[in-house]
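K.L.:
Hey, dropping final04.csv in here, CSV, C-alpha atoms and all ligand atoms:
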chain,number,residue,atom,x,y,z
A,1,MET,CA,-45.6,22.2,13.8
A,2,GLN,CA,-44.5,19.2,11.7
A,3,GLN,CA,-41.3,20.7,10.3
A,4,ILE,CA,-39.9,24.1,9.5
A,5,LEU,CA,-39.2,23.5,5.8
A,6,GLU,CA,-40.9,21.2,3.5
A,7,ASN,CA,-37.7,20.4,1.7
A,8,THR,CA,-34.9,19.9,4.2
A,9,LYS,CA,-32.3,20.1,1.4
A,10,LYS,CA,-33.0,23.9,1.5
A,11,CYS,CA,-32.1,24.1,5.2
A,12,PHE,CA,-28.8,26.2,5.7
A,13,GLY,CA,-28.4,24.8,9.2
A,14,CYS,CA,-28.0,28.4,10.5
A,15,GLU,CA,-29.7,27.7,13.9
A,16,ALA,CA,-31.8,30.8,13.9
A,17,CYS,CA,-35.0,28.7,14.5
A,18,CYS,CA,-33.4,26.9,17.3
A,19,TYR,CA,-32.3,30.1,19.1
A,20,SER,CA,-35.7,31.9,18.4
A,21,CYS,CA,-38.0,29.1,19.6
A,22,PRO,CA,-39.7,30.5,22.8
A,23,ALA,CA,-40.5,27.0,24.0
A,24,GLY,CA,-37.0,25.6,23.5
A,25,ALA,CA,-38.6,22.9,21.4
A,26,ILE,CA,-35.9,22.8,18.7
A,27,GLU,CA,-32.7,21.0,18.8
A,28,MET,CA,-29.9,20.7,16.2
A,29,LYS,CA,-29.1,17.1,15.3
A,30,ALA,CA,-26.6,15.7,12.9
A,31,ASP,CA,-27.8,13.5,10.0
A,32,LYS,CA,-25.8,10.6,8.5
A,33,GLU,CA,-23.7,13.0,6.4
A,34,GLY,CA,-22.7,14.9,9.6
A,35,PHE,CA,-24.6,18.1,8.9
A,36,TYR,CA,-26.8,19.6,11.6
A,37,TYR,CA,-30.6,20.1,11.1
A,38,PRO,CA,-33.3,21.4,13.4
A,39,VAL,CA,-35.5,18.8,14.9
A,40,ILE,CA,-38.8,19.8,16.6
A,41,ASP,CA,-40.0,18.2,19.8
A,42,GLN,CA,-43.7,18.0,18.8
A,43,ALA,CA,-44.8,17.7,22.5
A,44,ALA,CA,-43.0,20.9,23.4
A,45,CYS,CA,-43.9,22.9,20.3
A,46,ILE,CA,-46.5,25.7,20.9
A,47,ASP,CA,-47.0,26.3,17.2
A,48,CYS,CA,-46.2,30.0,17.4
A,49,GLY,CA,-44.5,30.1,14.0
A,50,ARG,CA,-41.5,32.0,15.2
A,51,CYS,CA,-39.1,29.4,13.6
A,52,ARG,CA,-40.6,30.0,10.2
A,53,GLU,CA,-40.5,33.7,10.7
A,54,VAL,CA,-36.8,33.8,11.2
A,55,CYS,CA,-35.8,31.1,8.7
A,56,PRO,CA,-34.0,32.8,5.9
A,57,SER,CA,-34.5,29.9,3.5
A,58,PRO,CA,-38.0,30.5,2.2
A,59,ASP,CA,-37.1,34.2,1.5
A,60,PRO,CA,-33.4,34.1,0.8
A,61,TYR,CA,-33.3,36.9,-1.7
A,62,VAL,CA,-31.3,39.7,-0.2
A,63,PHE,CA,-30.3,41.3,-3.4
A,64,LYS,CA,-29.3,45.0,-3.3
A,65,PRO,CA,-27.2,46.8,-5.9
A,66,GLU,CA,-23.6,47.0,-4.8
A,67,ILE,CA,-22.1,50.4,-4.1
A,68,SER,CA,-18.4,49.9,-4.8
A,69,TYR,CA,-15.7,47.3,-5.5
A,70,TYR,CA,-12.2,47.4,-4.1
A,71,ALA,CA,-8.9,45.6,-4.3
A,72,VAL,CA,-7.6,45.7,-0.7
A,73,ARG,CA,-4.3,44.7,0.8
A,74,VAL,CA,-3.3,45.6,4.4
A,75,LYS,CA,0.2,47.3,4.6
A,76,ASP,CA,1.2,45.5,7.8
A,77,GLN,CA,3.2,42.5,6.4
A,78,GLU,CA,2.7,40.4,9.5
A,79,LEU,CA,-1.0,40.9,9.4
A,80,LEU,CA,-1.1,40.1,5.6
A,81,GLN,CA,0.8,36.9,6.3
A,82,LYS,CA,-1.8,35.9,8.9
A,83,SER,CA,-4.8,36.6,6.6
A,84,THR,CA,-6.2,34.3,4.0
A,85,SER,CA,-6.2,36.9,1.2
A,86,GLY,CA,-5.5,40.6,1.6
A,87,GLY,CA,-6.5,41.0,5.2
A,88,ALA,CA,-9.9,42.8,4.5
A,89,PHE,CA,-11.5,41.1,7.5
A,90,SER,CA,-8.9,42.5,9.9
A,91,LEU,CA,-9.1,45.9,8.3
A,92,ILE,CA,-12.9,46.1,8.7
A,93,ALA,CA,-12.8,44.5,12.1
A,94,GLY,CA,-10.2,47.2,13.1
A,95,GLY,CA,-12.6,49.9,12.1
A,96,ILE,CA,-15.4,48.4,14.2
A,97,LEU,CA,-13.2,47.9,17.2
A,98,GLY,CA,-12.2,51.6,16.8
A,99,MET,CA,-15.9,52.4,17.4
A,100,GLY,CA,-15.8,50.4,20.6
A,101,GLY,CA,-17.5,47.5,18.9
A,102,LEU,CA,-17.2,43.7,19.1
A,103,ILE,CA,-16.4,41.2,16.4
A,104,CYS,CA,-18.1,37.9,15.7
A,105,GLY,CA,-16.4,35.3,13.5
A,106,ALA,CA,-15.5,31.6,13.1
A,107,SER,CA,-12.8,30.1,15.1
A,108,TYR,CA,-11.5,26.7,16.1
A,109,ASP,CA,-12.1,25.5,19.7
A,110,GLU,CA,-9.7,23.3,21.6
A,111,ASP,CA,-11.1,20.2,19.9
A,112,HIS,CA,-10.8,21.8,16.4
A,113,LYS,CA,-14.5,22.2,16.1
A,114,VAL,CA,-15.5,25.4,14.2
A,115,LYS,CA,-17.6,27.8,16.2
A,116,HIS,CA,-18.5,31.4,16.1
A,117,ILE,CA,-17.3,33.6,18.9
A,118,LEU,CA,-17.9,37.2,19.9
A,119,ALA,CA,-14.8,39.0,21.1
A,120,GLU,CA,-12.4,41.9,20.8
A,121,ASP,CA,-9.5,39.6,20.0
A,122,ILE,CA,-10.0,38.7,16.3
A,123,SER,CA,-6.8,36.5,15.9
A,124,PRO,CA,-8.6,33.1,16.3
A,125,MET,CA,-11.2,34.3,13.6
A,126,ARG,CA,-8.5,34.8,11.0
A,127,LYS,CA,-8.0,32.2,8.2
A,128,SER,CA,-10.6,30.2,6.3
A,129,LYS,CA,-12.0,27.1,7.8
A,130,TYR,CA,-13.8,25.1,5.2
A,131,VAL,CA,-16.3,23.5,7.6
A,132,GLN,CA,-19.7,24.7,8.7
A,133,SER,CA,-19.3,26.8,11.7
A,134,THR,CA,-21.8,26.3,14.7
A,135,LEU,CA,-23.5,29.5,15.7
A,136,GLY,CA,-25.0,28.0,18.9
A,137,ASP,CA,-25.4,30.6,21.7
A,138,ILE,CA,-23.9,33.4,19.5
A,139,PHE,CA,-27.4,34.9,18.7
A,140,GLY,CA,-27.9,35.4,22.5
A,141,LYS,CA,-24.5,37.0,22.9
A,142,ILE,CA,-25.1,39.4,19.9
A,143,GLY,CA,-28.5,40.2,21.3
A,144,GLU,CA,-27.0,41.2,24.7
A,145,ALA,CA,-24.3,43.3,23.1
A,146,LEU,CA,-26.8,45.1,21.0
A,147,LYS,CA,-29.0,45.7,24.0
A,148,ASP,CA,-26.0,47.2,25.8
A,149,GLY,CA,-25.6,49.7,22.9
A,150,ARG,CA,-22.5,48.0,21.5
A,151,THR,CA,-21.7,47.9,17.8
A,152,VAL,CA,-21.3,44.4,16.5
A,153,LEU,CA,-19.7,43.2,13.3
A,154,PHE,CA,-20.9,39.7,12.3
A,155,THR,CA,-18.8,37.9,9.7
A,156,GLY,CA,-19.7,34.6,8.2
A,157,THR,CA,-21.2,32.8,5.2
A,158,PRO,CA,-24.0,34.7,3.3
A,159,CYS,CA,-26.7,32.4,4.8
A,160,GLN,CA,-25.4,33.0,8.3
A,161,CYS,CA,-25.3,36.8,7.7
A,162,HIS,CA,-28.9,36.7,6.4
A,163,SER,CA,-30.0,34.6,9.4
A,164,VAL,CA,-28.5,37.1,11.9
A,165,LYS,CA,-30.1,39.9,9.9
A,166,ARG,CA,-33.5,38.2,10.3
A,167,VAL,CA,-33.1,37.6,14.0
A,168,PHE,CA,-32.2,41.2,14.6
A,169,PRO,CA,-34.1,43.2,12.0
A,170,GLY,CA,-33.4,46.9,11.6
A,171,SER,CA,-30.6,46.9,14.2
A,172,GLU,CA,-28.5,49.9,13.3
A,173,ASN,CA,-25.5,48.8,15.5
A,174,LEU,CA,-25.3,45.5,13.6
A,175,TRP,CA,-22.8,45.4,10.7
A,176,LEU,CA,-22.7,42.4,8.4
A,177,ALA,CA,-19.7,41.1,6.4
A,178,SER,CA,-20.3,38.1,4.4
A,179,ILE,CA,-17.4,36.0,3.0
A,180,ILE,CA,-17.7,34.9,-0.6
A,181,CYS,CA,-18.6,31.3,-0.1
A,182,ARG,CA,-18.4,28.2,-2.3
A,183,GLY,CA,-19.9,26.0,0.3
A,184,VAL,CA,-19.3,24.4,3.7
A,185,GLN,CA,-18.4,20.8,4.7
A,186,SER,CA,-19.9,18.8,7.5
A,187,PRO,CA,-18.7,19.2,11.0
A,188,LEU,CA,-18.6,15.4,11.7
A,189,TYR,CA,-16.7,14.7,8.5
A,190,TRP,CA,-14.2,17.3,9.6
A,191,GLN,CA,-13.9,15.7,13.1
A,192,GLU,CA,-13.4,12.3,11.5
A,193,TYR,CA,-10.6,13.8,9.4
A,194,CYS,CA,-8.9,15.3,12.5
A,195,ARG,CA,-9.0,11.9,14.2
A,196,TYR,CA,-7.5,10.3,11.1
A,197,LEU,CA,-4.6,12.8,11.1
A,198,GLU,CA,-4.0,11.9,14.7
A,199,LYS,CA,-4.1,8.2,14.0
A,200,ILE,CA,-1.7,8.3,11.0
A,201,HIS,CA,0.8,10.6,12.7
A,202,ASN,CA,0.3,9.1,16.1
A,203,GLY,CA,-0.2,12.2,18.3
A,204,ASN,CA,-2.6,15.0,19.1
A,205,LEU,CA,-3.6,17.5,16.4
A,206,LYS,CA,-2.4,20.8,17.7
A,207,SER,CA,-3.2,23.2,14.9
A,208,TYR,CA,-4.5,23.1,11.3
A,209,CYS,CA,-4.6,25.8,8.7
A,210,ALA,CA,-6.2,25.0,5.3
A,211,ARG,CA,-4.7,28.2,3.7
A,212,GLU,CA,-1.3,29.1,4.9
A,213,LYS,CA,0.9,31.5,2.9
A,214,VAL,CA,4.2,29.8,2.2
A,215,LYS,CA,6.6,31.2,-0.4
A,216,MET,CA,4.1,33.7,-1.7
A,217,ASP,CA,1.7,31.1,-3.0
A,218,ASP,CA,-1.6,33.0,-2.4
A,219,ALA,CA,-2.2,30.8,0.7
A,220,HIS,CA,-2.2,27.5,-1.1
A,221,THR,CA,-0.5,25.5,1.5
A,222,VAL,CA,-2.1,23.2,4.1
A,223,VAL,CA,-0.1,23.3,7.3
A,224,TYR,CA,-0.9,21.2,10.4
A,225,THR,CA,0.9,20.1,13.5
A,226,VAL,CA,0.5,16.7,15.2
A,227,GLY,CA,2.5,16.1,18.3
A,228,GLN,CA,5.9,17.8,17.7
A,229,GLU,CA,5.8,17.5,13.9
A,230,THR,CA,4.5,20.0,11.4
A,231,TYR,CA,3.3,18.8,8.0
A,232,GLN,CA,2.9,20.8,4.8
A,233,ASN,CA,0.9,19.9,1.7
A,234,ASN,CA,0.2,21.9,-1.5
A,235,TYR,CA,-3.6,22.8,-1.3
A,236,MET,CA,-4.2,21.4,-4.8
A,237,LYS,CA,-2.4,18.1,-4.0
A,238,ASP,CA,-3.9,17.6,-0.5
A,239,PRO,CA,-6.6,15.0,-0.9
A,240,PHE,CA,-8.9,16.5,1.8
A,241,SER,CA,-8.7,19.9,0.2
A,242,ARG,CA,-9.1,18.4,-3.3
A,243,ILE,CA,-12.4,16.8,-2.2
A,244,TYR,CA,-13.6,20.3,-1.1
A,245,SER,CA,-12.4,21.9,-4.3
A,246,LYS,CA,-14.2,19.3,-6.4
A,247,GLU,CA,-17.3,20.3,-4.5
A,248,LEU,CA,-18.0,16.7,-3.4
A,249,SER,CA,-18.5,17.2,0.3
A,250,LEU,CA,-20.7,20.3,0.6
A,251,ARG,CA,-24.0,20.8,2.5
A,252,PRO,CA,-26.9,19.9,0.3
A,253,SER,CA,-28.2,23.5,0.5
A,254,CYS,CA,-24.9,24.8,-0.9
A,255,TYR,CA,-25.8,23.2,-4.3
A,256,SER,CA,-28.8,25.5,-4.6
A,257,CYS,CA,-27.2,28.5,-2.8
A,258,PRO,CA,-29.3,31.6,-3.5
A,259,TYR,CA,-26.6,34.0,-2.4
A,260,THR,CA,-24.4,33.6,-5.5
A,261,THR,CA,-24.7,37.2,-6.5
A,262,PRO,CA,-22.3,40.2,-5.8
A,263,GLY,CA,-25.1,42.6,-4.7
A,264,LYS,CA,-26.4,41.6,-1.3
A,265,ASP,CA,-28.1,43.6,1.5
A,266,PHE,CA,-25.0,43.3,3.8
A,267,ASP,CA,-22.4,46.0,4.5
A,268,PHE,CA,-19.6,44.0,3.0
A,269,THR,CA,-18.9,40.9,0.8
A,270,ILE,CA,-15.3,39.9,1.1
A,271,GLY,CA,-13.2,37.2,-0.7
A,272,ASP,CA,-10.0,36.4,-2.6
A,273,TYR,CA,-9.5,38.8,-5.5
A,274,TRP,CA,-9.0,36.2,-8.2
A,275,GLY,CA,-8.4,38.0,-11.4
A,276,VAL,CA,-6.4,40.9,-9.8
A,277,GLU,CA,-3.6,40.2,-12.3
A,278,LYS,CA,-5.8,41.5,-15.1
A,279,GLU,CA,-6.1,44.9,-13.4
A,280,TYR,CA,-3.2,45.4,-11.0
A,281,ALA,CA,-0.2,43.2,-12.0
A,282,ASP,CA,1.9,44.5,-9.1
A,283,LEU,CA,-0.7,42.9,-6.7
A,284,ALA,CA,-0.5,39.5,-8.4
A,285,ASP,CA,2.7,38.5,-6.4
A,286,GLY,CA,1.2,35.7,-4.4
A,287,LYS,CA,0.9,37.6,-1.1
A,288,GLY,CA,-2.9,37.8,-1.4
A,289,THR,CA,-5.3,40.5,-2.3
A,290,SER,CA,-8.9,40.9,-1.0
A,291,LEU,CA,-11.9,41.7,-3.1
A,292,VAL,CA,-14.2,43.9,-1.0
A,293,ILE,CA,-17.7,44.7,-2.3
A,294,CYS,CA,-19.5,47.4,-0.3
A,295,GLY,CA,-23.2,47.1,0.0
A,296,SER,CA,-23.9,50.2,2.1
A,297,ALA,CA,-22.7,53.8,2.2
A,298,ARG,CA,-21.4,53.4,5.7
A,299,ALA,CA,-19.3,50.4,4.5
A,300,ASP,CA,-17.9,52.4,1.7
A,301,ARG,CA,-17.0,55.2,4.2
A,302,LEU,CA,-15.3,52.8,6.5
A,303,ILE,CA,-13.1,51.3,3.7
A,304,SER,CA,-12.3,54.8,2.3
A,305,SER,CA,-11.1,55.9,5.8
A,306,CYS,CA,-8.6,53.0,6.0
A,307,SER,CA,-6.1,54.2,3.3
A,308,GLU,CA,-3.3,54.7,5.9
A,309,LYS,CA,-3.5,51.0,6.9
A,310,ALA,CA,-4.1,49.4,3.5
A,311,ASP,CA,-3.5,49.7,-0.2
A,312,ILE,CA,-7.1,50.3,-1.4
A,313,ARG,CA,-7.8,50.6,-5.1
A,314,SER,CA,-11.1,50.6,-7.0
A,315,ALA,CA,-11.8,47.2,-8.7
A,316,ASP,CA,-13.5,46.5,-11.9
A,317,PRO,CA,-16.7,44.4,-11.2
A,318,ALA,CA,-16.2,42.5,-14.5
A,319,ASN,CA,-12.9,41.1,-13.2
A,320,ALA,CA,-14.4,40.3,-9.8
A,321,LEU,CA,-17.1,37.9,-11.1
A,322,GLN,CA,-15.7,34.6,-9.8
A,323,PRO,CA,-17.8,31.4,-9.7
A,324,ALA,CA,-19.2,31.8,-6.2
A,325,LEU,CA,-20.7,35.2,-7.2
A,326,VAL,CA,-22.3,33.7,-10.3
A,327,SER,CA,-23.8,30.3,-9.6
A,328,PRO,CA,-23.9,27.6,-6.9
A,329,ALA,CA,-21.5,24.7,-6.7
A,330,LYS,CA,-22.5,21.7,-8.9
A,331,GLU,CA,-23.5,18.5,-7.2
A,332,GLY,CA,-21.7,15.8,-9.1
A,333,ILE,CA,-22.7,12.1,-9.0
A,334,LEU,CA,-19.7,11.2,-6.9
A,335,ARG,CA,-21.0,13.2,-3.9
A,336,LYS,CA,-23.7,10.6,-3.3
A,337,PHE,CA,-21.0,7.8,-3.2
A,338,LEU,CA,-18.7,9.8,-1.0
A,339,MET,CA,-21.5,10.4,1.5
A,340,LYS,CA,-22.5,6.7,1.4
A,341,ASP,CA,-18.9,5.8,2.2
A,342,PHE,CA,-18.9,8.3,5.0
A,343,ALA,CA,-22.1,6.9,6.5
A,344,CYS,CA,-20.7,3.4,6.4
A,345,LYS,CA,-18.7,2.8,9.7
A,346,THR,CA,-15.9,0.3,10.3
A,347,PRO,CA,-16.4,-2.4,13.0
A,348,ASP,CA,-14.9,-0.1,15.6
A,349,GLY,CA,-17.4,2.6,14.8
A,350,ASP,CA,-15.1,4.9,12.8
A,351,CYS,CA,-15.5,6.1,9.3
A,352,ASP,CA,-13.0,5.0,6.8
A,353,ILE,CA,-11.5,8.4,5.9
A,354,ALA,CA,-8.4,6.8,4.3
A,355,LEU,CA,-10.7,5.1,1.8
A,356,ILE,CA,-12.6,8.3,1.1
A,357,LEU,CA,-9.3,10.3,0.5
A,358,LYS,CA,-8.0,7.6,-1.8
A,359,LYS,CA,-11.2,7.2,-3.8
A,360,TYR,CA,-12.2,10.9,-4.2
A,361,GLY,CA,-9.2,13.0,-3.3
A,362,ASN,CA,-7.0,12.4,-6.3
A,401,LIG,C1,-16.1,28.0,3.6
A,401,LIG,C2,-15.4,29.1,2.8
A,401,LIG,C3,-15.5,29.2,1.4
A,401,LIG,C4,-15.0,30.3,0.7
A,401,LIG,N1,-15.1,30.3,-0.6
A,401,LIG,C5,-14.6,31.4,-1.3
A,401,LIG,C6,-14.7,31.5,-2.7
A,401,LIG,O1,-15.3,30.6,-3.4
A,401,LIG,N2,-14.2,32.6,-3.3
A,401,LIG,C7,-13.5,33.6,-2.6
A,401,LIG,O2,-13.1,34.6,-3.2
A,401,LIG,N3,-13.4,33.5,-1.2
A,401,LIG,C8,-13.9,32.4,-0.6
A,401,LIG,N4,-13.8,32.4,0.8
A,401,LIG,C9,-13.2,33.5,1.5
A,401,LIG,C10,-11.8,33.6,1.6
A,401,LIG,O3,-11.2,32.4,1.7
A,401,LIG,C11,-11.3,34.5,2.8
A,401,LIG,O4,-11.9,34.0,4.0
A,401,LIG,C12,-11.7,35.9,2.7
A,401,LIG,O5,-11.1,36.4,1.5
A,401,LIG,C13,-11.3,36.7,3.9
A,401,LIG,O6,-9.9,36.7,4.0
A,401,LIG,P1,-9.1,37.9,4.7
A,401,LIG,O7,-7.7,37.9,4.2
A,401,LIG,O8,-9.9,39.1,4.7
A,401,LIG,O9,-9.1,37.5,6.2
A,401,LIG,P2,-9.1,36.3,7.2
A,401,LIG,O10,-8.5,36.9,8.4
A,401,LIG,O11,-8.4,35.1,6.7
A,401,LIG,O12,-10.6,36.1,7.3
A,401,LIG,C14,-11.3,35.1,7.9
A,401,LIG,C15,-12.8,35.4,7.9
A,401,LIG,O13,-13.5,34.3,7.4
A,401,LIG,C16,-14.5,34.0,8.4
A,401,LIG,N5,-14.6,32.5,8.3
A,401,LIG,C17,-13.5,31.6,8.4
A,401,LIG,N6,-14.0,30.4,8.3
A,401,LIG,C18,-15.4,30.5,8.3
A,401,LIG,C19,-16.4,29.5,8.3
A,401,LIG,N7,-16.2,28.2,8.3
A,401,LIG,N8,-17.7,30.0,8.3
A,401,LIG,C20,-18.0,31.3,8.4
A,401,LIG,N9,-17.0,32.3,8.4
A,401,LIG,C21,-15.7,31.8,8.3
A,401,LIG,C22,-14.0,34.5,9.7
A,401,LIG,O14,-15.1,34.8,10.5
A,401,LIG,C23,-13.3,35.8,9.2
A,401,LIG,O15,-14.3,36.8,9.0
A,401,LIG,C24,-14.3,31.3,1.5
A,401,LIG,C25,-14.1,31.2,2.9
A,401,LIG,C26,-14.7,30.1,3.5
A,401,LIG,C27,-14.6,30.0,5.0
Would you mind writing the file out in structure tokens?
P.N.:
Amino acid sequence: MQQILENTKKCFGCEACCYSCPAGAIEMKADKEGFYYPVIDQAACIDCGRCREVCPSPDPYVFKPEISYYAVRVKDQELLQKSTSGGAFSLIAGGILGMGGLICGASYDEDHKVKHILAEDISPMRKSKYVQSTLGDIFGKIGEALKDGRTVLFTGTPCQCHSVKRVFPGSENLWLASIICRGVQSPLYWQEYCRYLEKIHNGNLKSYCAREKVKMDDAHTVVYTVGQETYQNNYMKDPFSRIYSKELSLRPSCYSCPYTTPGKDFDFTIGDYWGVEKEYADLADGKGTSLVICGSARADRLISSCSEKADIRSADPANALQPALVSPAKEGILRKFLMKDFACKTPDGDCDIALILKKYGN
């Protein structure tokens, strides 16, 4: 097999092909922008076509009319504080854990790389990480859990959810919750940024949160700790976050994302409920409210059964239609220049992140 997709710009980097190859002939390798793509070892390939079968990209359309829309906010104030929006993820995960299930979500490892883990402890999965998460061996772990009769909730970007759905088709014990997603940034660009923070603050990066809730600001504060010092920056003034918000650093496939529709064949679609002030002024207090779109009857039942733990109100779909549910991010001309600068290394082999932040992060 020459390659899986004719147009690699359409590759989501979901790793389903890599996991599913029976010959172990596919490896994920980073390109010069720092995104991972499958590379086939032609000598090992047995041309079975399994990689093409599981790839969600040629058949990405998972449209299914949505069943219900909710504005959701967990009642536990500590949990609300720890969540990016209204805590819908924790609420749903709590329901699945109550069934004896396991949760799969994105977390930082000890080197601040973003990876999916499968666990009962969901605390590392909380908070948005605006970097492409590696799925790696998670398919194998989900497969084993499903074989053992466990219920599994997979949470991730829509393309990741679709990829998991294709690898485990028709699996009743598998629940899917997709975040509303504007796009992901490259893992290597993120790593360079972490190294840059360590360099300028002269210490080890201990923690980083792109969306912390400080002074009821709808989680618009970046907070990170290097060494003994903790630093705070308004999300809209933080150059790294601004580059993301300006959609200059996304994976190529994000600019033609086919999942920008509210109705998808997943149990849940969850995001920030932007526009909540038009419907429920009392929820527009900066503490965060989740938008939850249920795509299955069982998802609707789960949410409806959580009224003791959360403030759950029906939401008007017309209010909920934010950009990531309507059309993909736009690839501006500056992206090409940013990526050119990223690929250009300094004499000591680093990337000049300071220059990138200065040129594109204002
Ligand atoms: C890259 C990205 C882009 C987003 N874009 C939008 C948007 O345009 N509009 C919008 O309304 N909401 C967007 N969100 C979703 C939103 O920021 C919150 O993650 C969501 O509302 C869940 O918040 P919560 O309060 O329920 O719980 P939290 O506890 O904060 O939920 C975290 C959830 O996000 C998942 N997650 C975190 N980082 C990643 C990642 N890198 N890859 C895959 N899954 C991840 C975790 O697995 C967990 O399920 C985006 C999130 C991410 C990660």
K.L.:
For the point (-19.0, 38.5, -9.9) in file coordinates, what residues are within 12 Å, counting only C-alpha atoms? Give the answer as a count of residues only?
P.N.:
32
K.L.:
So, with all atoms listed in the file as the atoms that count, which of A:Glu192, A:Asp148, A:Glu110, A:Glu27 lies closest to Gly349 of chain A?
P.N.:
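Using all atoms listed in the file, Gly349 of chain A sits closest to A:Glu192.
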K.L.:
Using all atoms listed in the file, find each protein or nucleic acid residue lying at most 7 Å from ligand LIG 401 (chain A); present the set as a PDB file with C-alpha atoms, keeping the file's coordinate frame.
P.N.:
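This went into part_3.pdb:
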ATOM      1  CA  LYS A  82      -1.800  35.900   8.900  1.00  0.00           C
ATOM      2  CA  SER A  83      -4.800  36.600   6.600  1.00  0.00           C
ATOM      3  CA  THR A  84      -6.200  34.300   4.000  1.00  0.00           C
ATOM      4  CA  SER A  85      -6.200  36.900   1.200  1.00  0.00           C
ATOM      5  CA  GLY A  86      -5.500  40.600   1.600  1.00  0.00           C
ATOM      6  CA  GLY A  87      -6.500  41.000   5.200  1.00  0.00           C
ATOM      7  CA  ALA A  88      -9.900  42.800   4.500  1.00  0.00           C
ATOM      8  CA  PHE A  89     -11.500  41.100   7.500  1.00  0.00           C
ATOM      9  CA  SER A  90      -8.900  42.500   9.900  1.00  0.00           C
ATOM     10  CA  CYS A 104     -18.100  37.900  15.700  1.00  0.00           C
ATOM     11  CA  GLY A 105     -16.400  35.300  13.500  1.00  0.00           C
ATOM     12  CA  ALA A 106     -15.500  31.600  13.100  1.00  0.00           C
ATOM     13  CA  SER A 107     -12.800  30.100  15.100  1.00  0.00           C
ATOM     14  CA  VAL A 114     -15.500  25.400  14.200  1.00  0.00           C
ATOM     15  CA  MET A 125     -11.200  34.300  13.600  1.00  0.00           C
ATOM     16  CA  ARG A 126      -8.500  34.800  11.000  1.00  0.00           C
ATOM     17  CA  LYS A 127      -8.000  32.200   8.200  1.00  0.00           C
ATOM     18  CA  SER A 128     -10.600  30.200   6.300  1.00  0.00           C
ATOM     19  CA  LYS A 129     -12.000  27.100   7.800  1.00  0.00           C
ATOM     20  CA  TYR A 130     -13.800  25.100   5.200  1.00  0.00           C
ATOM     21  CA  VAL A 131     -16.300  23.500   7.600  1.00  0.00           C
ATOM     22  CA  GLN A 132     -19.700  24.700   8.700  1.00  0.00           C
ATOM     23  CA  SER A 133     -19.300  26.800  11.700  1.00  0.00           C
ATOM     24  CA  THR A 155     -18.800  37.900   9.700  1.00  0.00           C
ATOM     25  CA  GLY A 156     -19.700  34.600   8.200  1.00  0.00           C
ATOM     26  CA  THR A 157     -21.200  32.800   5.200  1.00  0.00           C
ATOM     27  CA  ILE A 179     -17.400  36.000   3.000  1.00  0.00           C
ATOM     28  CA  ILE A 180     -17.700  34.900  -0.600  1.00  0.00           C
ATOM     29  CA  CYS A 181     -18.600  31.300  -0.100  1.00  0.00           C
ATOM     30  CA  ARG A 182     -18.400  28.200  -2.300  1.00  0.00           C
ATOM     31  CA  GLY A 183     -19.900  26.000   0.300  1.00  0.00           C
ATOM     32  CA  VAL A 184     -19.300  24.400   3.700  1.00  0.00           C
ATOM     33  CA  ILE A 270     -15.300  39.900   1.100  1.00  0.00           C
ATOM     34  CA  GLY A 271     -13.200  37.200  -0.700  1.00  0.00           C
ATOM     35  CA  ASP A 272     -10.000  36.400  -2.600  1.00  0.00           C
ATOM     36  CA  TYR A 273      -9.500  38.800  -5.500  1.00  0.00           C
ATOM     37  CA  TRP A 274      -9.000  36.200  -8.200  1.00  0.00           C
ATOM     38  CA  SER A 290      -8.900  40.900  -1.000  1.00  0.00           C
ATOM     39  CA  GLN A 322     -15.700  34.600  -9.800  1.00  0.00           C
ATOM     40  CA  PRO A 323     -17.800  31.400  -9.700  1.00  0.00           C
ATOM     41  CA  ALA A 324     -19.200  31.800  -6.200  1.00  0.00           C
TER      42      ALA A 324
END
K.L.:
For a test of reading the model, state the distance in Å between atom CA of Arg211 of chain A and atom CA of Ala310 of chain A, rounded to one decimal.
P.N.:
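Atom-to-atom, atom CA of Arg211 of chain A and atom CA of Ala310 of chain A are spaced 21.2 Å apart.
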K.L.:
Contacts of segment 46-62 of chain A at 12 Å or less, counting only C-alpha atoms, minus same-chain residues fewer than 4 places along, as a VMD selection string?
P.N.:
chain A and resid 1 to 27 38 to 42 66 158 to 169 253 to 254 256 to 267 295
K.L.:
For each of A:Cys294, A:Leu338, A:Cys306, A:Leu146, take the minimum atom-to-atom distance to Glu172 of chain A, counting all atoms listed in the file, then give the residue where this is smallest.
P.N.:
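Going through A:Cys294, A:Leu338, A:Cys306, A:Leu146 one by one, the smallest distance to Glu172 of chain A is for A:Leu146.
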K.L.:
Atom CA of Phe268 of chain A and atom CA of Ser296 of chain A are how many Å apart?
P.N.:
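Those two atoms sit 7.6 Å apart.
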K.L.:
What's around segment 233-246 of chain A at 7 Å? Count only C-alpha atoms, leave out sequence neighbours fewer than 4 positions away in its own chain, and write the answer as a PyMOL selection string.
P.N.:
chain A and resi 220-223+357+360-362
K.L.:
What is the atom CA of Val276 of chain A-atom CA of Lys75 of chain A distance in Å, reported with one decimal?
P.N.:
17.1 Å
K.L.:
So which one's closest to Leu197 of chain A, A:Val152, A:Ile353, A:Ala30, A:Ile142? Using all atoms listed in the file, please.
P.N.:
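Ranked by minimum distance to Leu197 of chain A, first place goes to A:Ile353.
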K.L.:
Step by step: start from the point (-22.9, 18.1, 11.1) in the file's coordinates, keep every protein, DNA or RNA residue that has an atom no farther than 10 Å from it, count only C-alpha atoms, and write the set as a count of residues only.
P.N.:
23
K.L.:
For each of A:Glu331, A:Tyr231, A:His112, A:Ile92, take the minimum atom-to-atom distance to Val74 of chain A, counting all atoms listed in the file, then give the residue where this is smallest.
P.N.:
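Looking at the shortest contact to Val74 of chain A, the residue is A:Ile92.
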